[in-house]
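Below is data-v5.txt, holding compact mmCIF, N, CA and C atoms.
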# COMPACT_ATOMS: atom_id res chain seq x y z
N MET A 146 0.84 -1.18 0.00
CA MET A 146 0.00 0.00 0.00
C MET A 146 0.89 1.24 0.00
N PRO A 147 0.60 2.21 -0.85
CA PRO A 147 1.42 3.42 -0.91
C PRO A 147 1.22 4.29 0.33
N THR A 148 2.22 5.08 0.65
CA THR A 148 2.11 6.00 1.78
C THR A 148 1.27 7.21 1.36
N LEU A 149 0.86 7.98 2.34
CA LEU A 149 0.08 9.19 2.03
C LEU A 149 0.90 10.17 1.20
N ALA A 150 2.20 10.27 1.48
CA ALA A 150 3.06 11.16 0.69
C ALA A 150 3.09 10.71 -0.78
N GLU A 151 3.14 9.40 -1.00
CA GLU A 151 3.15 8.88 -2.38
C GLU A 151 1.81 9.15 -3.07
N VAL A 152 0.71 9.02 -2.33
CA VAL A 152 -0.61 9.29 -2.90
C VAL A 152 -0.71 10.76 -3.28
N ARG A 153 -0.28 11.64 -2.40
CA ARG A 153 -0.31 13.08 -2.70
C ARG A 153 0.55 13.41 -3.92
N ALA A 154 1.71 12.82 -3.98
CA ALA A 154 2.59 13.07 -5.13
C ALA A 154 1.93 12.57 -6.42
N PHE A 155 1.27 11.42 -6.35
CA PHE A 155 0.57 10.87 -7.51
C PHE A 155 -0.52 11.84 -7.99
N ILE A 156 -1.28 12.37 -7.02
CA ILE A 156 -2.37 13.29 -7.37
C ILE A 156 -1.81 14.57 -8.00
N ARG A 157 -0.71 15.07 -7.44
CA ARG A 157 -0.10 16.28 -8.02
C ARG A 157 0.35 16.08 -9.46
N GLU A 158 0.65 14.86 -9.83
CA GLU A 158 1.13 14.57 -11.18
C GLU A 158 0.03 14.23 -12.18
N LEU A 159 -1.21 14.20 -11.73
CA LEU A 159 -2.31 13.88 -12.65
C LEU A 159 -2.38 14.95 -13.75
N PRO A 160 -2.64 14.51 -14.99
CA PRO A 160 -2.52 15.42 -16.13
C PRO A 160 -3.65 16.42 -16.32
N ASP A 161 -4.86 16.12 -15.80
CA ASP A 161 -5.98 17.03 -16.08
C ASP A 161 -7.03 16.97 -14.98
N ALA A 162 -7.98 17.89 -15.10
CA ALA A 162 -9.04 18.00 -14.08
C ALA A 162 -9.92 16.76 -14.02
N VAL A 163 -10.14 16.12 -15.15
CA VAL A 163 -10.98 14.92 -15.17
C VAL A 163 -10.34 13.82 -14.31
N SER A 164 -9.04 13.66 -14.42
CA SER A 164 -8.33 12.64 -13.62
C SER A 164 -8.42 12.96 -12.13
N VAL A 165 -8.26 14.23 -11.78
CA VAL A 165 -8.36 14.64 -10.37
C VAL A 165 -9.79 14.41 -9.87
N ALA A 166 -10.78 14.71 -10.69
CA ALA A 166 -12.17 14.50 -10.30
C ALA A 166 -12.47 13.02 -10.06
N ILE A 167 -11.88 12.15 -10.84
CA ILE A 167 -12.08 10.70 -10.64
C ILE A 167 -11.51 10.28 -9.28
N VAL A 168 -10.34 10.78 -8.94
CA VAL A 168 -9.74 10.47 -7.63
C VAL A 168 -10.60 11.05 -6.52
N GLN A 169 -11.08 12.27 -6.73
CA GLN A 169 -11.93 12.91 -5.73
C GLN A 169 -13.22 12.12 -5.51
N GLU A 170 -13.80 11.62 -6.58
CA GLU A 170 -15.02 10.81 -6.49
C GLU A 170 -14.77 9.53 -5.69
N ALA A 171 -13.62 8.90 -5.93
CA ALA A 171 -13.27 7.68 -5.19
C ALA A 171 -13.07 7.99 -3.70
N ALA A 172 -12.43 9.12 -3.40
CA ALA A 172 -12.22 9.51 -2.01
C ALA A 172 -13.54 9.80 -1.31
N THR A 173 -14.45 10.46 -2.00
CA THR A 173 -15.78 10.75 -1.44
C THR A 173 -16.54 9.47 -1.15
N ALA A 174 -16.51 8.52 -2.07
CA ALA A 174 -17.19 7.25 -1.86
C ALA A 174 -16.62 6.52 -0.64
N ARG A 175 -15.32 6.58 -0.47
CA ARG A 175 -14.68 5.93 0.67
C ARG A 175 -15.08 6.61 1.99
N LEU A 176 -15.14 7.94 1.98
CA LEU A 176 -15.56 8.67 3.18
C LEU A 176 -16.99 8.32 3.56
N LEU A 177 -17.87 8.23 2.58
CA LEU A 177 -19.26 7.85 2.86
C LEU A 177 -19.34 6.44 3.43
N GLN A 178 -18.52 5.54 2.91
CA GLN A 178 -18.51 4.16 3.42
C GLN A 178 -18.02 4.13 4.86
N LEU A 179 -16.95 4.85 5.16
CA LEU A 179 -16.43 4.89 6.53
C LEU A 179 -17.45 5.49 7.49
N ASP A 180 -18.15 6.53 7.04
CA ASP A 180 -19.19 7.15 7.87
C ASP A 180 -20.33 6.18 8.13
N ALA A 181 -20.76 5.46 7.10
CA ALA A 181 -21.87 4.51 7.25
C ALA A 181 -21.48 3.36 8.19
N ASP A 182 -20.23 2.94 8.14
CA ASP A 182 -19.78 1.85 9.01
C ASP A 182 -19.81 2.23 10.48
N GLN A 183 -19.74 3.53 10.80
CA GLN A 183 -19.73 3.98 12.19
C GLN A 183 -21.12 4.23 12.74
N ARG A 184 -22.12 4.32 11.89
CA ARG A 184 -23.48 4.59 12.35
C ARG A 184 -24.09 3.34 12.96
N PRO A 185 -24.89 3.51 14.00
CA PRO A 185 -25.59 2.36 14.56
C PRO A 185 -26.65 1.86 13.57
N VAL A 186 -26.94 0.59 13.63
CA VAL A 186 -27.93 0.00 12.74
C VAL A 186 -29.31 0.22 13.34
N ILE A 187 -30.14 0.95 12.60
CA ILE A 187 -31.50 1.21 13.06
C ILE A 187 -32.39 0.13 12.46
N THR A 188 -32.98 -0.66 13.34
CA THR A 188 -33.88 -1.73 12.89
C THR A 188 -35.16 -1.69 13.72
N PRO A 189 -36.26 -2.16 13.16
CA PRO A 189 -37.50 -2.20 13.92
C PRO A 189 -37.34 -2.97 15.23
N GLY A 190 -37.98 -2.46 16.27
CA GLY A 190 -37.93 -3.10 17.58
C GLY A 190 -36.92 -2.50 18.52
N ARG A 191 -36.02 -1.65 18.01
CA ARG A 191 -35.00 -1.04 18.87
C ARG A 191 -35.59 0.12 19.67
N ALA A 192 -35.20 0.22 20.93
CA ALA A 192 -35.60 1.36 21.77
C ALA A 192 -34.84 2.59 21.30
N SER A 193 -35.52 3.74 21.29
CA SER A 193 -34.90 4.93 20.74
C SER A 193 -35.37 6.19 21.43
N ARG A 194 -34.62 7.26 21.17
CA ARG A 194 -34.98 8.61 21.63
C ARG A 194 -34.80 9.52 20.43
N ILE A 195 -35.68 10.48 20.27
CA ILE A 195 -35.56 11.46 19.20
C ILE A 195 -34.64 12.56 19.71
N ASN A 196 -33.58 12.87 18.96
CA ASN A 196 -32.60 13.83 19.46
C ASN A 196 -33.09 15.27 19.32
N ALA A 197 -32.27 16.20 19.80
CA ALA A 197 -32.66 17.61 19.88
C ALA A 197 -32.56 18.35 18.55
N SER A 198 -32.15 17.69 17.48
CA SER A 198 -32.02 18.39 16.20
C SER A 198 -33.32 18.39 15.39
N ILE A 199 -34.33 17.66 15.86
CA ILE A 199 -35.57 17.55 15.08
C ILE A 199 -36.44 18.79 15.26
N ARG A 200 -37.22 19.04 14.24
CA ARG A 200 -38.25 20.08 14.29
C ARG A 200 -39.55 19.42 13.93
N PRO A 201 -40.62 19.74 14.55
CA PRO A 201 -40.82 20.77 15.56
C PRO A 201 -40.26 20.39 16.92
N ALA A 202 -40.04 21.39 17.74
CA ALA A 202 -39.41 21.20 19.04
C ALA A 202 -40.20 20.29 19.97
N CYS A 203 -41.51 20.18 19.77
CA CYS A 203 -42.32 19.34 20.66
C CYS A 203 -41.95 17.86 20.53
N LEU A 204 -41.20 17.47 19.50
CA LEU A 204 -40.80 16.07 19.33
C LEU A 204 -39.46 15.74 19.99
N ARG A 205 -38.75 16.76 20.43
CA ARG A 205 -37.41 16.54 20.97
C ARG A 205 -37.44 15.72 22.26
N LEU A 206 -36.57 14.71 22.28
CA LEU A 206 -36.33 13.82 23.43
C LEU A 206 -37.49 12.89 23.76
N LEU A 207 -38.43 12.74 22.84
CA LEU A 207 -39.47 11.72 23.03
C LEU A 207 -38.85 10.35 22.84
N THR A 208 -39.39 9.35 23.52
CA THR A 208 -38.83 8.00 23.45
C THR A 208 -39.88 7.01 22.97
N GLY A 209 -39.39 5.92 22.40
CA GLY A 209 -40.30 4.89 21.91
C GLY A 209 -39.54 3.77 21.25
N THR A 210 -40.24 3.04 20.38
CA THR A 210 -39.69 1.88 19.70
C THR A 210 -39.69 2.13 18.20
N VAL A 211 -38.57 1.84 17.56
CA VAL A 211 -38.46 2.01 16.11
C VAL A 211 -39.41 1.04 15.42
N GLN A 212 -40.13 1.54 14.44
CA GLN A 212 -41.04 0.72 13.63
C GLN A 212 -40.44 0.59 12.23
N GLN A 213 -41.24 0.38 11.23
CA GLN A 213 -40.75 0.13 9.88
C GLN A 213 -40.14 1.39 9.26
N PRO A 214 -39.13 1.18 8.38
CA PRO A 214 -38.53 2.31 7.65
C PRO A 214 -39.35 2.63 6.40
N ASN A 215 -39.06 3.79 5.82
CA ASN A 215 -39.63 4.08 4.51
C ASN A 215 -38.84 3.28 3.46
N ARG A 216 -39.17 3.43 2.20
CA ARG A 216 -38.52 2.61 1.15
C ARG A 216 -37.01 2.82 1.08
N THR A 217 -36.54 4.02 1.37
CA THR A 217 -35.11 4.30 1.26
C THR A 217 -34.35 4.08 2.56
N GLY A 218 -35.06 3.83 3.65
CA GLY A 218 -34.40 3.62 4.94
C GLY A 218 -33.88 4.90 5.56
N THR A 219 -34.37 6.05 5.10
CA THR A 219 -33.91 7.33 5.63
C THR A 219 -34.84 7.89 6.70
N ARG A 220 -36.03 7.32 6.81
CA ARG A 220 -37.00 7.75 7.82
C ARG A 220 -37.67 6.51 8.42
N PHE A 221 -38.02 6.63 9.69
CA PHE A 221 -38.64 5.51 10.40
C PHE A 221 -39.84 6.02 11.18
N ASP A 222 -40.85 5.18 11.32
CA ASP A 222 -41.93 5.47 12.25
C ASP A 222 -41.43 5.12 13.65
N ILE A 223 -41.86 5.88 14.63
CA ILE A 223 -41.51 5.61 16.03
C ILE A 223 -42.83 5.43 16.79
N LEU A 224 -42.97 4.30 17.47
CA LEU A 224 -44.12 4.08 18.33
C LEU A 224 -43.74 4.62 19.71
N LEU A 225 -44.30 5.78 20.04
CA LEU A 225 -43.94 6.43 21.31
C LEU A 225 -44.40 5.59 22.49
N ASP A 226 -43.62 5.63 23.58
CA ASP A 226 -44.05 4.96 24.80
C ASP A 226 -45.16 5.81 25.44
N GLU A 227 -45.77 5.30 26.50
CA GLU A 227 -46.92 5.98 27.09
C GLU A 227 -46.57 7.36 27.63
N ALA A 228 -45.41 7.49 28.27
CA ALA A 228 -45.01 8.78 28.85
C ALA A 228 -44.80 9.82 27.74
N SER A 229 -44.14 9.43 26.66
CA SER A 229 -43.90 10.37 25.57
C SER A 229 -45.18 10.70 24.81
N THR A 230 -46.08 9.73 24.70
CA THR A 230 -47.38 10.00 24.06
C THR A 230 -48.12 11.06 24.87
N GLU A 231 -48.13 10.91 26.17
CA GLU A 231 -48.82 11.87 27.03
C GLU A 231 -48.14 13.23 26.97
N ARG A 232 -46.82 13.24 26.96
CA ARG A 232 -46.08 14.51 26.88
C ARG A 232 -46.41 15.26 25.58
N LEU A 233 -46.45 14.53 24.46
CA LEU A 233 -46.77 15.16 23.18
C LEU A 233 -48.22 15.64 23.17
N ARG A 234 -49.12 14.85 23.73
CA ARG A 234 -50.53 15.22 23.77
C ARG A 234 -50.73 16.55 24.51
N LEU A 235 -50.00 16.73 25.62
CA LEU A 235 -50.18 17.90 26.49
C LEU A 235 -49.26 19.07 26.16
N ASP A 236 -48.29 18.87 25.26
CA ASP A 236 -47.32 19.92 24.94
C ASP A 236 -48.02 21.13 24.32
N PRO A 237 -47.90 22.31 24.94
CA PRO A 237 -48.56 23.49 24.38
C PRO A 237 -47.98 23.92 23.03
N ASN A 238 -46.77 23.51 22.73
CA ASN A 238 -46.14 23.85 21.44
C ASN A 238 -46.62 22.94 20.32
N ASN A 239 -47.32 21.87 20.64
CA ASN A 239 -47.82 20.92 19.65
C ASN A 239 -48.87 21.57 18.77
N GLY A 240 -49.69 22.40 19.36
CA GLY A 240 -50.78 23.01 18.59
C GLY A 240 -51.73 21.94 18.08
N THR A 241 -52.03 21.98 16.81
CA THR A 241 -52.94 20.98 16.22
C THR A 241 -52.21 20.03 15.28
N ARG A 242 -50.90 20.08 15.28
CA ARG A 242 -50.15 19.24 14.34
C ARG A 242 -50.31 17.75 14.63
N PHE A 243 -50.21 17.38 15.90
CA PHE A 243 -50.34 15.97 16.29
C PHE A 243 -51.58 15.86 17.19
N ARG A 244 -52.65 15.39 16.63
CA ARG A 244 -53.88 15.23 17.40
C ARG A 244 -53.93 13.81 17.94
N ILE A 245 -53.85 13.71 19.24
CA ILE A 245 -53.79 12.40 19.89
C ILE A 245 -55.02 12.26 20.78
N ALA A 246 -55.81 11.25 20.49
CA ALA A 246 -57.03 11.01 21.28
C ALA A 246 -56.66 10.70 22.73
N LYS A 247 -57.54 11.07 23.65
CA LYS A 247 -57.27 10.88 25.07
C LYS A 247 -57.09 9.42 25.45
N ASP A 248 -57.74 8.50 24.73
CA ASP A 248 -57.62 7.08 25.06
C ASP A 248 -56.42 6.40 24.38
N THR A 249 -55.63 7.13 23.60
CA THR A 249 -54.46 6.56 22.92
C THR A 249 -53.31 6.44 23.90
N LYS A 250 -52.85 5.22 24.12
CA LYS A 250 -51.75 4.98 25.05
C LYS A 250 -50.38 5.18 24.39
N ARG A 251 -50.25 4.71 23.13
CA ARG A 251 -48.98 4.80 22.41
C ARG A 251 -49.26 5.33 21.01
N TYR A 252 -48.66 6.46 20.70
CA TYR A 252 -48.90 7.14 19.43
C TYR A 252 -47.79 6.80 18.43
N ARG A 253 -48.18 6.48 17.20
CA ARG A 253 -47.20 6.19 16.15
C ARG A 253 -46.84 7.50 15.45
N LEU A 254 -45.58 7.90 15.61
CA LEU A 254 -45.07 9.12 15.00
C LEU A 254 -44.45 8.75 13.65
N PRO A 255 -44.99 9.23 12.54
CA PRO A 255 -44.49 8.80 11.24
C PRO A 255 -43.28 9.59 10.75
N LYS A 256 -42.46 8.91 9.97
CA LYS A 256 -41.41 9.52 9.15
C LYS A 256 -40.39 10.36 9.91
N VAL A 257 -39.85 9.82 11.00
CA VAL A 257 -38.80 10.51 11.74
C VAL A 257 -37.48 10.28 10.99
N PRO A 258 -36.74 11.34 10.66
CA PRO A 258 -35.47 11.15 9.94
C PRO A 258 -34.50 10.29 10.75
N ALA A 259 -33.80 9.39 10.07
CA ALA A 259 -32.84 8.51 10.74
C ALA A 259 -31.78 9.32 11.48
N SER A 260 -31.42 10.47 10.95
CA SER A 260 -30.39 11.30 11.58
C SER A 260 -30.86 11.87 12.93
N CYS A 261 -32.14 11.81 13.21
CA CYS A 261 -32.69 12.33 14.47
C CYS A 261 -32.98 11.23 15.48
N ILE A 262 -32.61 9.99 15.15
CA ILE A 262 -32.91 8.86 16.04
C ILE A 262 -31.64 8.43 16.76
N GLU A 263 -31.71 8.40 18.09
CA GLU A 263 -30.63 7.86 18.91
C GLU A 263 -31.12 6.53 19.49
N LEU A 264 -30.36 5.49 19.27
CA LEU A 264 -30.74 4.18 19.82
C LEU A 264 -30.33 4.14 21.29
N THR A 265 -31.20 3.62 22.14
CA THR A 265 -30.95 3.61 23.57
C THR A 265 -30.79 2.21 24.14
N ASP A 266 -30.84 1.21 23.27
CA ASP A 266 -30.67 -0.17 23.74
C ASP A 266 -29.47 -0.81 23.04
N THR A 267 -29.14 -1.99 23.47
CA THR A 267 -28.08 -2.77 22.83
C THR A 267 -28.74 -3.75 21.87
N PRO A 268 -28.26 -3.84 20.61
CA PRO A 268 -28.89 -4.78 19.69
C PRO A 268 -28.80 -6.21 20.20
N ALA A 269 -29.77 -7.01 19.82
CA ALA A 269 -29.88 -8.40 20.30
C ALA A 269 -28.68 -9.25 19.91
N ASP A 270 -28.02 -8.95 18.78
CA ASP A 270 -26.91 -9.79 18.33
C ASP A 270 -25.56 -9.38 18.90
N SER A 271 -25.52 -8.44 19.89
CA SER A 271 -24.25 -8.02 20.47
C SER A 271 -23.79 -9.00 21.53

As C-alpha cells:
Amino acid sequence: MPTLAEVRAFIRELPDAVSVAIVQEAATARLLQLDADQRPVITPGRASRINASIRPACLRLLTGTVQQPNRTGTRFDILLDEASTERLRLDPNNGTRFRIAKDTKRYRLPKVPASCIELTDTPADS
C-alpha cells in the first residue's frame, strides 16, 4: 500500500481536471462508506430517543420503539411509549399538528429522519 506522501505526489502529477475528479469521487465514496460503518444500525424493535435536532421542538427527546422504515431507509416510524405520548398530547407547542385522542396509550409518529434517532438499547446480536 502506498504511503500518504506517495498518494499526494501521484495526485499532483495527474494530467488534467478529469483525472483529479475521478480520484476525488473515489475519495468521497470511501468517506461515505467509513461514515456509514460507524453509524448504529436502526432496525424495527430497537428502543430509541428522538434527538434535539428535530423540528418541531415538541418532538425533541421523546422516546419509543423504532417501527418500519420508509422505502429508502432514511425515515422511520416511532411508536412512542406511554409517557412520551402523554407529553406530546399535552405539549402546548404541539398546537394541532399531532392530534392524539385521550384514550391513545402509544402514538405512532411517522417519518422521523434517521439522523434524528438515537438508539438507547443494545442490539440483540451483540

Within 12 Å of file point (-44.2, 16.8, 27.9), counting only C-alpha atoms, expressed as a PyMOL selection string: chain A and resi 202-208+227-239

All residues 6.5 Å or closer to Ala192 (chain A), all atoms listed in the file, same chain fewer than 5 positions away omitted, as a PyMOL selection string: chain A and resi 209-211+263-266

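Going from atom N of Arg251 (chain A) to CA of Thr217 (chain A) covers 26.6 Å.
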
All residues 6 Å or closer to Leu254 (chain A), only N, CA and C atoms, same chain fewer than 3 positions away omitted, as number ranges by chain: A: 221-225, 257

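Taking all atoms listed in the file into account, Arg194 (chain A) lies nearest to A:Cys261 out of the set A:Arg220, A:Cys261, A:Thr267, A:Ala166.
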
Atom-to-atom span, atom N of Gln212 (chain A) and atom C of Pro189 (chain A), Å: 5.4 Å

Å distance separating CA of Arg153 (chain A) from atom C of Gln178 (chain A), one decimal place: 21.2 Å

Apply DSSP to the backbone of this structure and, from chain A, keep only the residues in strand (DSSP E or B); write these as a PDB file with N, CA and C atoms, in the frame of the given file.
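Final file, states_30.pdb:
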ATOM      1  N   ALA A 192     -35.200   0.220  20.930  1.00  0.00           N
ATOM      2  CA  ALA A 192     -35.600   1.360  21.770  1.00  0.00           C
ATOM      3  C   ALA A 192     -34.840   2.590  21.300  1.00  0.00           C
ATOM      4  N   SER A 193     -35.520   3.740  21.290  1.00  0.00           N
ATOM      5  CA  SER A 193     -34.900   4.930  20.740  1.00  0.00           C
ATOM      6  C   SER A 193     -35.370   6.190  21.430  1.00  0.00           C
ATOM      7  N   ARG A 194     -34.620   7.260  21.170  1.00  0.00           N
ATOM      8  CA  ARG A 194     -34.980   8.610  21.630  1.00  0.00           C
ATOM      9  C   ARG A 194     -34.800   9.520  20.430  1.00  0.00           C
ATOM     10  N   ILE A 195     -35.680  10.480  20.270  1.00  0.00           N
ATOM     11  CA  ILE A 195     -35.560  11.460  19.200  1.00  0.00           C
ATOM     12  C   ILE A 195     -34.640  12.560  19.710  1.00  0.00           C
ATOM     13  N   THR A 208     -39.390   9.350  23.520  1.00  0.00           N
ATOM     14  CA  THR A 208     -38.830   8.000  23.450  1.00  0.00           C
ATOM     15  C   THR A 208     -39.880   7.010  22.970  1.00  0.00           C
ATOM     16  N   GLY A 209     -39.390   5.920  22.400  1.00  0.00           N
ATOM     17  CA  GLY A 209     -40.300   4.890  21.910  1.00  0.00           C
ATOM     18  C   GLY A 209     -39.540   3.770  21.250  1.00  0.00           C
ATOM     19  N   THR A 210     -40.240   3.040  20.380  1.00  0.00           N
ATOM     20  CA  THR A 210     -39.690   1.880  19.700  1.00  0.00           C
ATOM     21  C   THR A 210     -39.690   2.130  18.200  1.00  0.00           C
ATOM     22  N   VAL A 211     -38.570   1.840  17.560  1.00  0.00           N
ATOM     23  CA  VAL A 211     -38.460   2.010  16.110  1.00  0.00           C
ATOM     24  C   VAL A 211     -39.410   1.040  15.420  1.00  0.00           C
ATOM     25  N   GLN A 212     -40.130   1.540  14.440  1.00  0.00           N
ATOM     26  CA  GLN A 212     -41.040   0.720  13.630  1.00  0.00           C
ATOM     27  C   GLN A 212     -40.440   0.590  12.230  1.00  0.00           C
ATOM     28  N   GLN A 213     -41.240   0.380  11.230  1.00  0.00           N
ATOM     29  CA  GLN A 213     -40.750   0.130   9.880  1.00  0.00           C
ATOM     30  C   GLN A 213     -40.140   1.390   9.260  1.00  0.00           C
ATOM     31  N   PRO A 214     -39.130   1.180   8.380  1.00  0.00           N
ATOM     32  CA  PRO A 214     -38.530   2.310   7.650  1.00  0.00           C
ATOM     33  C   PRO A 214     -39.350   2.630   6.400  1.00  0.00           C
ATOM     34  N   ARG A 220     -36.030   7.320   6.810  1.00  0.00           N
ATOM     35  CA  ARG A 220     -37.000   7.750   7.820  1.00  0.00           C
ATOM     36  C   ARG A 220     -37.670   6.510   8.420  1.00  0.00           C
ATOM     37  N   PHE A 221     -38.020   6.630   9.690  1.00  0.00           N
ATOM     38  CA  PHE A 221     -38.640   5.510  10.400  1.00  0.00           C
ATOM     39  C   PHE A 221     -39.840   6.020  11.180  1.00  0.00           C
ATOM     40  N   ASP A 222     -40.850   5.180  11.320  1.00  0.00           N
ATOM     41  CA  ASP A 222     -41.930   5.470  12.250  1.00  0.00           C
ATOM     42  C   ASP A 222     -41.430   5.120  13.650  1.00  0.00           C
ATOM     43  N   ILE A 223     -41.860   5.880  14.630  1.00  0.00           N
ATOM     44  CA  ILE A 223     -41.510   5.610  16.030  1.00  0.00           C
ATOM     45  C   ILE A 223     -42.830   5.430  16.790  1.00  0.00           C
ATOM     46  N   LEU A 224     -42.970   4.300  17.470  1.00  0.00           N
ATOM     47  CA  LEU A 224     -44.120   4.080  18.330  1.00  0.00           C
ATOM     48  C   LEU A 224     -43.740   4.620  19.710  1.00  0.00           C
ATOM     49  N   LEU A 225     -44.300   5.780  20.040  1.00  0.00           N
ATOM     50  CA  LEU A 225     -43.940   6.430  21.310  1.00  0.00           C
ATOM     51  C   LEU A 225     -44.400   5.590  22.490  1.00  0.00           C
ATOM     52  N   ARG A 253     -48.180   6.480  17.200  1.00  0.00           N
ATOM     53  CA  ARG A 253     -47.200   6.190  16.150  1.00  0.00           C
ATOM     54  C   ARG A 253     -46.840   7.500  15.450  1.00  0.00           C
ATOM     55  N   LEU A 254     -45.580   7.900  15.610  1.00  0.00           N
ATOM     56  CA  LEU A 254     -45.070   9.120  15.000  1.00  0.00           C
ATOM     57  C   LEU A 254     -44.450   8.750  13.650  1.00  0.00           C
ATOM     58  N   PRO A 255     -44.990   9.230  12.540  1.00  0.00           N
ATOM     59  CA  PRO A 255     -44.490   8.800  11.240  1.00  0.00           C
ATOM     60  C   PRO A 255     -43.280   9.590  10.750  1.00  0.00           C
ATOM     61  N   LYS A 256     -42.460   8.910   9.970  1.00  0.00           N
ATOM     62  CA  LYS A 256     -41.410   9.520   9.150  1.00  0.00           C
ATOM     63  C   LYS A 256     -40.390  10.360   9.910  1.00  0.00           C
ATOM     64  N   VAL A 257     -39.850   9.820  11.000  1.00  0.00           N
ATOM     65  CA  VAL A 257     -38.800  10.510  11.740  1.00  0.00           C
ATOM     66  C   VAL A 257     -37.480  10.280  10.990  1.00  0.00           C
ATOM     67  N   PRO A 258     -36.740  11.340  10.660  1.00  0.00           N
ATOM     68  CA  PRO A 258     -35.470  11.150   9.940  1.00  0.00           C
ATOM     69  C   PRO A 258     -34.500  10.290  10.750  1.00  0.00           C
ATOM     70  N   ILE A 262     -32.610   9.990  15.150  1.00  0.00           N
ATOM     71  CA  ILE A 262     -32.910   8.860  16.040  1.00  0.00           C
ATOM     72  C   ILE A 262     -31.640   8.430  16.760  1.00  0.00           C
ATOM     73  N   GLU A 263     -31.710   8.400  18.090  1.00  0.00           N
ATOM     74  CA  GLU A 263     -30.630   7.860  18.910  1.00  0.00           C
ATOM     75  C   GLU A 263     -31.120   6.530  19.490  1.00  0.00           C
ATOM     76  N   LEU A 264     -30.360   5.490  19.270  1.00  0.00           N
ATOM     77  CA  LEU A 264     -30.740   4.180  19.820  1.00  0.00           C
ATOM     78  C   LEU A 264     -30.330   4.140  21.290  1.00  0.00           C
TER      79      LEU A 264
END
